[in-house]
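Student: As input, take target18.txt (compact mmCIF, C-alpha atoms):
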# COMPACT_ATOMS: atom_id res chain seq x y z
CA MET A 1 100.05 213.56 76.92
CA PHE A 2 96.77 215.34 77.11
CA ALA A 3 96.41 218.15 79.62
CA ARG A 4 94.53 217.12 82.73
CA PRO A 5 91.05 218.65 82.60
CA SER A 6 90.50 221.32 85.22
CA ARG A 7 87.62 221.01 87.63
CA ASP A 8 85.34 223.96 88.22
CA PRO A 9 85.18 225.10 91.84
CA SER A 10 82.18 224.00 93.83
CA PRO A 11 79.28 226.45 93.37
CA TRP A 12 78.72 226.29 97.13
CA LEU A 13 82.31 227.27 97.88
CA LEU A 14 82.22 229.98 95.20
CA ALA A 15 79.05 231.47 96.68
CA VAL A 16 80.60 231.57 100.16
CA LEU A 17 83.79 233.18 98.88
CA LEU A 18 81.92 235.84 96.91
CA VAL A 19 79.71 236.72 99.88
CA ALA A 20 82.75 236.93 102.16
CA LEU A 21 84.55 239.16 99.66
CA VAL A 22 81.62 241.57 99.33
CA VAL A 23 81.10 241.76 103.10
CA GLY A 24 84.81 242.43 103.55
CA VAL A 25 84.65 245.30 101.06
CA GLN A 26 81.55 246.59 102.85
CA ALA A 27 83.36 246.51 106.19
CA LEU A 28 86.06 248.74 104.69
CA LEU A 29 83.81 251.12 102.78
CA VAL A 30 81.27 251.88 105.53
CA PRO A 31 83.81 253.42 107.95
CA LEU A 32 85.62 255.09 105.06
CA PHE A 33 82.45 256.98 104.12
CA ALA A 34 80.86 257.34 107.55
CA ALA A 35 83.79 258.08 109.87
CA PRO A 36 84.83 261.43 108.34
CA ALA A 37 81.23 262.70 108.36
CA ALA A 38 80.64 261.49 111.91
CA HIS A 39 83.69 263.29 113.30
CA LEU A 40 83.37 266.76 111.76
CA ALA A 41 85.02 269.34 114.00
CA PRO A 42 87.41 272.26 113.44
CA ARG A 43 91.07 271.25 113.39
CA ASP A 44 93.51 274.12 112.77
CA LEU A 45 90.72 275.91 110.93
CA PRO A 46 92.10 279.19 109.50
CA VAL A 47 90.28 282.17 111.06
CA ALA A 48 91.22 285.80 111.65
CA VAL A 49 90.92 288.02 114.67
CA ALA A 50 90.81 291.72 113.76
CA GLY A 51 90.85 294.94 115.75
CA PRO A 52 93.14 297.10 117.90
CA ALA A 53 96.14 295.17 119.16
CA PRO A 54 95.12 294.73 122.83
CA ALA A 55 91.54 293.74 121.98
CA ALA A 56 92.61 291.42 119.13
CA SER A 57 95.21 289.67 121.28
CA GLU A 58 92.73 289.19 124.10
CA LEU A 59 90.13 287.83 121.67
CA ALA A 60 92.66 285.43 120.09
CA GLY A 61 93.52 284.13 123.56
CA ARG A 62 89.89 283.52 124.40
CA LEU A 63 89.37 281.73 121.10
CA ALA A 64 92.35 279.45 121.71
CA ALA A 65 91.23 278.73 125.27
CA ALA A 66 87.65 277.95 124.24
CA ARG A 67 88.66 275.34 121.62
CA PRO A 68 92.31 274.26 121.99
CA GLY A 69 93.75 273.13 118.65
CA ALA A 70 90.58 274.00 116.74
CA PHE A 71 91.71 277.23 115.11
CA GLN A 72 94.72 278.59 113.31
CA VAL A 73 94.42 282.26 114.21
CA THR A 74 95.73 285.17 112.13
CA THR A 75 95.69 288.63 113.74
CA LEU A 76 94.72 291.53 111.48
CA PRO A 77 94.50 295.28 112.14
CA ASP A 78 90.86 295.93 111.29
CA GLY A 79 87.66 294.69 109.69
CA ALA A 80 88.66 295.81 106.19
CA ALA A 81 91.79 293.64 106.32
CA ALA A 82 89.68 290.76 107.60
CA ASP A 83 87.25 291.10 104.69
CA ARG A 84 90.14 291.09 102.22
CA ALA A 85 91.42 287.87 103.77
CA LEU A 86 87.96 286.35 103.39
CA ARG A 87 87.69 287.36 99.72
CA ASN A 88 91.18 285.97 99.04
CA ARG A 89 90.11 282.69 100.67
CA GLU A 90 92.86 282.92 103.26
CA VAL A 91 90.50 282.39 106.22
CA TYR A 92 87.00 280.96 106.67
CA ALA A 93 85.79 283.65 109.07
CA ALA A 94 86.96 286.65 111.07
CA PHE A 95 86.10 287.77 114.59
CA VAL A 96 86.21 291.57 114.46
CA ALA A 97 86.53 293.51 117.73
CA GLY A 98 84.93 296.96 117.66
CA PRO A 99 83.55 299.58 120.01
CA ASP A 100 80.21 297.77 120.17
CA GLY A 101 81.74 294.36 120.85
CA VAL A 102 82.59 291.40 118.64
CA ALA A 103 81.15 290.80 115.16
CA LEU A 104 81.59 287.67 113.09
CA HIS A 105 82.46 288.13 109.39
CA THR A 106 81.87 284.97 107.36
CA ALA A 107 82.31 283.51 103.88
CA PRO A 108 79.59 280.88 103.47
CA ALA A 109 80.72 280.39 99.87
CA ALA A 110 83.89 278.72 101.19
CA SER A 111 81.86 276.38 103.40
CA PRO A 112 78.31 276.93 104.63
CA THR A 113 78.98 274.26 107.24
CA VAL A 114 81.88 276.21 108.73
CA ALA A 115 79.94 279.49 108.64
CA ALA A 116 77.04 277.91 110.56
CA LEU A 117 79.36 276.21 113.03
CA LEU A 118 81.21 279.43 113.84
CA ALA A 119 77.99 281.42 114.13
CA GLU A 120 76.85 278.99 116.84
CA ALA A 121 80.23 278.99 118.59
CA SER A 122 80.67 282.77 118.55
CA ALA A 123 78.30 283.21 121.50
CA GLN A 124 80.99 281.70 123.74
CA LEU A 125 83.23 284.68 122.95
CA ALA A 126 80.54 287.22 123.78
CA ALA A 127 79.48 285.78 127.13
CA GLY A 128 76.25 284.46 125.69
CA ARG A 129 75.21 287.69 124.01
CA PRO A 130 74.09 287.53 120.34
CA VAL A 131 76.98 288.19 117.95
CA PRO A 132 76.21 290.14 114.77
CA VAL A 133 77.06 288.16 111.64
CA VAL A 134 78.28 289.96 108.51
CA THR A 135 78.26 287.88 105.34
CA VAL A 136 81.21 288.94 103.20
CA VAL A 137 81.25 286.19 100.53
CA PRO A 138 77.77 284.64 100.32
CA ALA A 139 76.90 281.28 98.84
CA ALA A 140 74.78 281.13 95.69
CA PRO A 141 71.31 282.60 96.36
CA ASP A 142 69.64 279.44 95.03
CA ASP A 143 71.87 277.21 97.18
CA PRO A 144 72.45 278.97 100.52
CA ARG A 145 73.35 275.78 102.41
CA GLY A 146 75.69 274.46 99.72
CA ALA A 147 73.82 271.16 99.41
CA GLY A 148 73.31 271.58 95.68
CA PHE A 149 77.01 272.26 95.11
CA ALA A 150 78.05 269.11 96.95
CA ALA A 151 75.35 266.93 95.38
CA GLY A 152 76.04 268.31 91.91
CA PHE A 153 79.74 267.57 92.13
CA LEU A 154 79.28 263.83 92.73
CA PRO A 155 77.94 263.07 89.20
CA LEU A 156 80.97 264.87 87.73
CA ALA A 157 83.22 262.38 89.50
CA LEU A 158 81.11 259.37 88.50
CA THR A 159 80.84 260.31 84.83
CA SER A 160 84.54 261.15 84.60
CA MET A 161 85.43 257.76 86.07
CA LEU A 162 83.05 256.10 83.61
CA ALA A 163 84.45 258.02 80.63
CA GLY A 164 88.00 256.97 81.44
CA ALA A 165 87.02 253.31 81.89
CA LEU A 166 85.00 253.17 78.65
CA LEU A 167 87.68 254.84 76.57
CA VAL A 168 90.37 252.42 77.66
CA ALA A 169 88.11 249.36 77.44
CA LEU A 170 86.46 250.03 74.09
CA VAL A 171 88.82 252.26 72.12
CA ALA A 172 91.93 250.58 70.75
CA ARG A 173 94.13 253.37 69.42
CA ARG A 174 96.07 255.58 71.78
CA GLY A 175 95.52 258.70 69.73
CA ALA A 176 91.76 258.14 69.72
CA ARG A 177 91.81 257.65 73.48
CA LEU A 178 93.69 260.93 73.96
CA LEU A 179 91.27 262.75 71.69
CA GLY A 180 88.33 261.25 73.54
CA LEU A 181 89.69 262.37 76.92
CA VAL A 182 90.33 265.93 75.79
CA GLY A 183 86.97 266.13 74.02
CA TYR A 184 85.17 264.75 77.07
CA ALA A 185 86.84 267.32 79.35
CA ALA A 186 85.84 270.21 77.09
CA LEU A 187 82.23 269.06 76.82
CA ALA A 188 82.02 268.25 80.54
CA GLY A 189 83.12 271.78 81.38
CA LEU A 190 80.57 273.42 79.09
CA VAL A 191 77.66 271.17 80.02
CA GLY A 192 78.57 271.29 83.72
CA VAL A 193 78.40 275.08 83.76
CA ALA A 194 75.17 275.09 81.76
CA VAL A 195 73.53 272.81 84.33
CA LEU A 196 75.09 273.89 87.64
CA HIS A 197 75.24 277.62 86.90
CA GLY A 198 72.62 278.32 84.28
CA TRP A 199 69.92 275.83 85.25
CA LEU A 200 70.30 275.00 88.95
CA GLY A 201 71.99 278.22 90.08
CA VAL A 202 74.40 276.55 92.52
CA LEU A 203 77.39 278.43 91.07
CA ALA A 204 77.62 282.21 91.07
CA GLY A 205 80.89 283.24 89.41
CA SER A 206 82.42 283.61 85.98
CA GLY A 207 81.09 280.90 83.70
CA TRP A 208 84.42 280.77 81.88
CA LEU A 209 86.39 280.15 85.09
CA GLU A 210 83.85 277.57 86.22
CA ALA A 211 83.97 275.73 82.88
CA ARG A 212 87.76 275.57 83.02
CA ALA A 213 87.68 274.23 86.59
CA ILE A 214 85.12 271.53 85.75
CA GLY A 215 86.92 270.64 82.53
CA LEU A 216 90.30 270.26 84.26
CA PHE A 217 88.76 268.12 86.99
CA ALA A 218 87.03 265.95 84.37
CA LEU A 219 90.29 265.54 82.46
CA ALA A 220 92.24 264.70 85.62
CA ALA A 221 89.75 262.11 86.85
CA ALA A 222 89.07 260.48 83.48
CA SER A 223 92.71 260.36 82.41
CA THR A 224 93.72 258.86 85.77
CA VAL A 225 91.33 255.96 85.26
CA ALA A 226 92.18 255.61 81.57
CA GLY A 227 95.93 255.89 82.16
CA LEU A 228 96.03 253.25 84.87
CA GLY A 229 93.76 251.07 82.74
CA ALA A 230 96.04 251.45 79.73
CA LEU A 231 99.02 250.50 81.88
CA LEU A 232 97.58 247.66 83.96
CA GLY A 233 94.34 246.60 82.26
CA GLY A 234 91.32 245.78 84.39
CA PRO A 235 93.16 246.09 87.74
CA GLY A 236 94.30 249.55 86.67
CA ILE A 237 90.73 250.65 86.01
CA GLY A 238 89.82 249.40 89.49
CA LEU A 239 92.76 251.29 91.01
CA GLY A 240 91.69 254.44 89.20
CA ALA A 241 88.14 254.08 90.49
CA LEU A 242 89.55 253.64 93.99
CA LEU A 243 91.52 256.90 93.77
CA VAL A 244 88.82 258.93 92.07
CA PHE A 245 85.73 257.78 93.92
CA LEU A 246 85.94 255.08 96.59
CA VAL A 247 88.68 256.86 98.54
CA GLY A 248 88.63 260.31 96.97
CA ASN A 249 84.95 261.06 97.53
CA PRO A 250 84.65 260.53 101.31
CA LEU A 251 87.92 262.41 101.90
CA SER A 252 87.08 265.27 99.55
CA ALA A 253 85.19 267.44 102.09
CA VAL A 254 83.19 268.92 99.22
CA SER A 255 80.19 269.34 101.51
CA ALA A 256 82.19 270.65 104.50
CA ALA A 257 85.85 271.73 104.67
CA PRO A 258 89.13 269.77 104.79
CA GLU A 259 89.92 271.26 108.21
CA LEU A 260 86.77 269.66 109.64
CA LEU A 261 87.86 266.10 108.81
CA PRO A 262 90.09 263.99 111.07
CA GLN A 263 93.70 264.55 110.12
CA PRO A 264 95.64 263.63 108.10
CA TRP A 265 92.65 262.58 105.99
CA GLY A 266 91.46 266.11 105.31
CA THR A 267 94.86 266.98 103.88
CA VAL A 268 95.17 263.71 101.97
CA GLY A 269 91.79 264.31 100.34
CA GLN A 270 93.00 267.59 98.85
CA PHE A 271 95.70 265.70 96.95
CA LEU A 272 93.13 263.41 95.31
CA PRO A 273 91.12 264.46 92.25
CA VAL A 274 87.69 264.97 93.87
CA GLY A 275 88.98 267.01 96.80
CA ALA A 276 91.14 269.20 94.56
CA GLY A 277 88.31 269.53 92.04
CA GLY A 278 85.82 270.70 94.64
CA THR A 279 88.28 273.26 96.01
CA LEU A 280 89.11 274.60 92.55
CA LEU A 281 85.46 274.90 91.55
CA ARG A 282 84.60 276.81 94.75
CA SER A 283 87.48 279.18 94.10
CA ALA A 284 86.33 279.73 90.52
CA ALA A 285 82.63 280.09 91.39
CA PHE A 286 82.85 282.42 94.39
CA PHE A 287 86.36 283.86 94.81
CA ASP A 288 87.48 284.74 91.24
CA GLY A 289 90.02 281.92 91.43
CA ALA A 290 91.61 282.98 94.73
CA GLY A 291 92.79 280.11 96.92
CA GLY A 292 92.77 277.56 94.12
CA SER A 293 96.44 277.43 93.10
CA ARG A 294 97.31 274.22 94.93
CA ALA A 295 94.17 272.47 93.66
CA LEU A 296 95.00 273.64 90.13
CA ALA A 297 98.51 272.16 90.40
CA VAL A 298 97.18 268.85 91.79
CA LEU A 299 94.62 268.42 89.01
CA ALA A 300 97.13 269.42 86.32
CA GLY A 301 99.52 266.80 87.69
CA TYR A 302 96.89 264.05 87.54
CA ALA A 303 95.92 265.08 84.01
CA VAL A 304 99.52 265.11 82.72
CA VAL A 305 100.43 261.79 84.32
CA GLY A 306 97.18 260.17 83.20
CA LEU A 307 97.58 261.29 79.59
CA ALA A 308 101.21 260.13 79.61
CA LEU A 309 100.14 256.69 80.84
CA VAL A 310 97.53 256.50 78.08
CA LEU A 311 100.25 257.34 75.58
CA VAL A 312 102.72 254.70 76.79
CA GLY A 313 100.30 252.05 78.09
CA ARG A 314 100.23 248.78 76.18
CA PHE A 315 96.87 247.43 77.27
CA ARG A 316 94.49 246.99 74.35
CA SER A 317 90.76 246.47 74.35
CA GLY A 318 89.38 243.01 73.86
CA GLY A 319 88.49 243.74 70.23
CA ASP A 320 92.13 244.16 69.22
CA ALA A 321 93.78 241.33 67.41
CA ALA A 322 96.65 239.88 69.41
CA PRO A 323 100.11 239.66 67.83
CA ALA A 324 100.64 236.62 65.64
CA SER A 325 103.28 235.15 67.95
CA ASP A 326 100.85 235.31 70.87
CA GLN A 327 98.11 233.72 68.81
CA GLY A 328 100.46 230.94 67.81
CA ARG A 329 101.48 230.25 71.38
CA ARG A 330 97.87 230.14 72.54
CA ALA A 331 97.03 227.70 69.72
CA GLU A 332 99.65 225.17 70.78
CA VAL A 333 98.29 222.05 72.43
CA THR A 334 100.49 219.83 74.53
CA VAL A 335 100.19 216.29 73.30
Would you write the structure of this file as structure tokens?

Tutor:
Amino acid sequence: MFARPSRDPSPWLLAVLLVALVVGVQALLVPLFAAPAAHLAPRDLPVAVAGPAPAASELAGRLAAARPGAFQVTTLPDGAAADRALRNREVYAAFVAGPDGVALHTAPAASPTVAALLAEASAQLAAGRPVPVVTVVPAAPDDPRGAGFAAGFLPLALTSMLAGALLVALVARRGARLLGLVGYAALAGLVGVAVLHGWLGVLAGSGWLEARAIGLFALAAASTVAGLGALLGGPGIGLGALLVFLVGNPLSAVSAAPELLPQPWGTVGQFLPVGAGGTLLRSAAFFDGAGGSRALAVLAGYAVVGLALVLVGRFRSGGDAAPASDQGRRAEVTV
């Protein structure tokens, strides 16, 4: 018997289904990108209160009463201890009580958004009087608002996702894929520093630390896409893109701070490549690596798992010849 010829679906039905699918994806993506940005507010934001014990305790109480649940307060003995905490990226800001009143010590390098938010809110603690602001860890002089840092990080995620997809789709041999991923990471780190630090001036730390941070992020993101693609084929590449960009980017808080996003999404974002990459690069660029240990571990985990999946994955690019047995089975015709 000859196989019954299949009928192509109606072009009208296909058009309707495609439109419905795209609109459904749009309905999911718009709130995913817009909701976190629309609901920025401090949630257990780490800050310090420094000064003599009675004054510091009283100030911590006022801070908690003014914004319940907004701050995670650490009490420190004096302004010097507060500044050390800022440089070690343990807190975003410190309210320092002194003989002349309260001063706000900030680290805009950790998040210009948080520094500006706390500068506005500090007037509530001083009964409406202006509060002196001391910048302890400044942002890059050429990027005081941090917009260049956030905008410059997005292409790193896009190109890393693209590199992983192309390597698994067009390169057949596993060893060549591994070499391509490692080579891409090394070049991405060097070129990224040359552009973001040397040309645009949005980074202000050790170029070597910055290159390592960018390179590890590039390796983690690209190998995640390539590894899932090697394991699952096209659906795996789509899943990798979902983790690296479609979900990872809006939850990354690269332009703000994880503690400003609705929870648990701010925390979840730090366990995805883009969120961890942004945190690690900030630590490398402005804090000599302080505060980046968890992000380093997260990215290393993605890189190791992704490379392992590339090594064991069986998916081959379309240019590979299929095994003879498969070719024979596909050539059979039921008669």

Student: Between A:Leu309, A:Asn88, A:Ala81, A:Ala256, which is the closest to Leu117 of chain A once you count all atoms listed in the file?

Tutor: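 Of all the options, A:Ala256 lies closest to Leu117 of chain A.
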
Student: Identify which of the residues A:Leu13, A:Leu63, A:Met161, A:Leu167 lies closest to Ser122 of chain A, counting all atoms listed in the file when measuring atom-to-atom distances.

Tutor: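 That would be A:Leu63, the residue with the smallest distance to Ser122 of chain A.
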
Student: Could you give me, as a ChimeraX atom specification, the residues within 7 Å of Ala97 of chain A, counting all atoms listed in the file and dropping anything in the same chain fewer than 3 positions from it?

Tutor: /A:50-51,55-56,101-103

Student: Taking 3 positions as the minimum chain separation for residues in the same chain, which residues sit within 8 Å of Asp288 of chain A when counting all atoms listed in the file? Answer as a ChimeraX atom specification.

Tutor: /A:205-206,209,283-285

Student: Pick out the closest residue to Ala211 of chain A from this set: A:Phe271, A:Gly180, A:Ala303, A:Gly277. Count all atoms listed in the file.

Tutor: A:Gly277

Student: Can you list, as a ChimeraX atom specification, every protein, DNA or RNA residue that comes within 9 Å of Phe286 of chain A when you count all atoms listed in the file, leaving out same-chain residues fewer than 2 positions away?

Tutor: /A:87,109-110,137-140,203-206,281-284,288-290

Student: Expressed in Å to a single decimal, how great is the separation between atom CA of Asp44 of chain A and atom CA of Leu251 of chain A?

Tutor: 16.9 Å

Student: Skip segment 261-265 of chain A itself and residues of its chain fewer than 6 positions away, then list as a VMD selection string all residues within 12 Å of it, counting all atoms listed in the file.

Tutor: chain A and resid 32 to 45 70 114 247 to 255 271 to 272 275

Student: Can you measure atom CA of Arg67 of chain A to atom CA of Arg145 of chain A for me? One decimal in Å is fine.

Tutor: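 Between atom CA of Arg67 of chain A and atom CA of Arg145 of chain A the gap works out to 24.6 Å.
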
Student: Go ahead and fit an axis-aligned box to every listed atom of segment 202-220 of chain A plus 4 Å each side, and pass me the centre and edge lengths in Å, one decimal, as JSON.

Tutor:
{"center_x": 83.3, "center_y": 274.2, "center_z": 87.2, "size_x": 25.8, "size_y": 26.9, "size_z": 18.6}
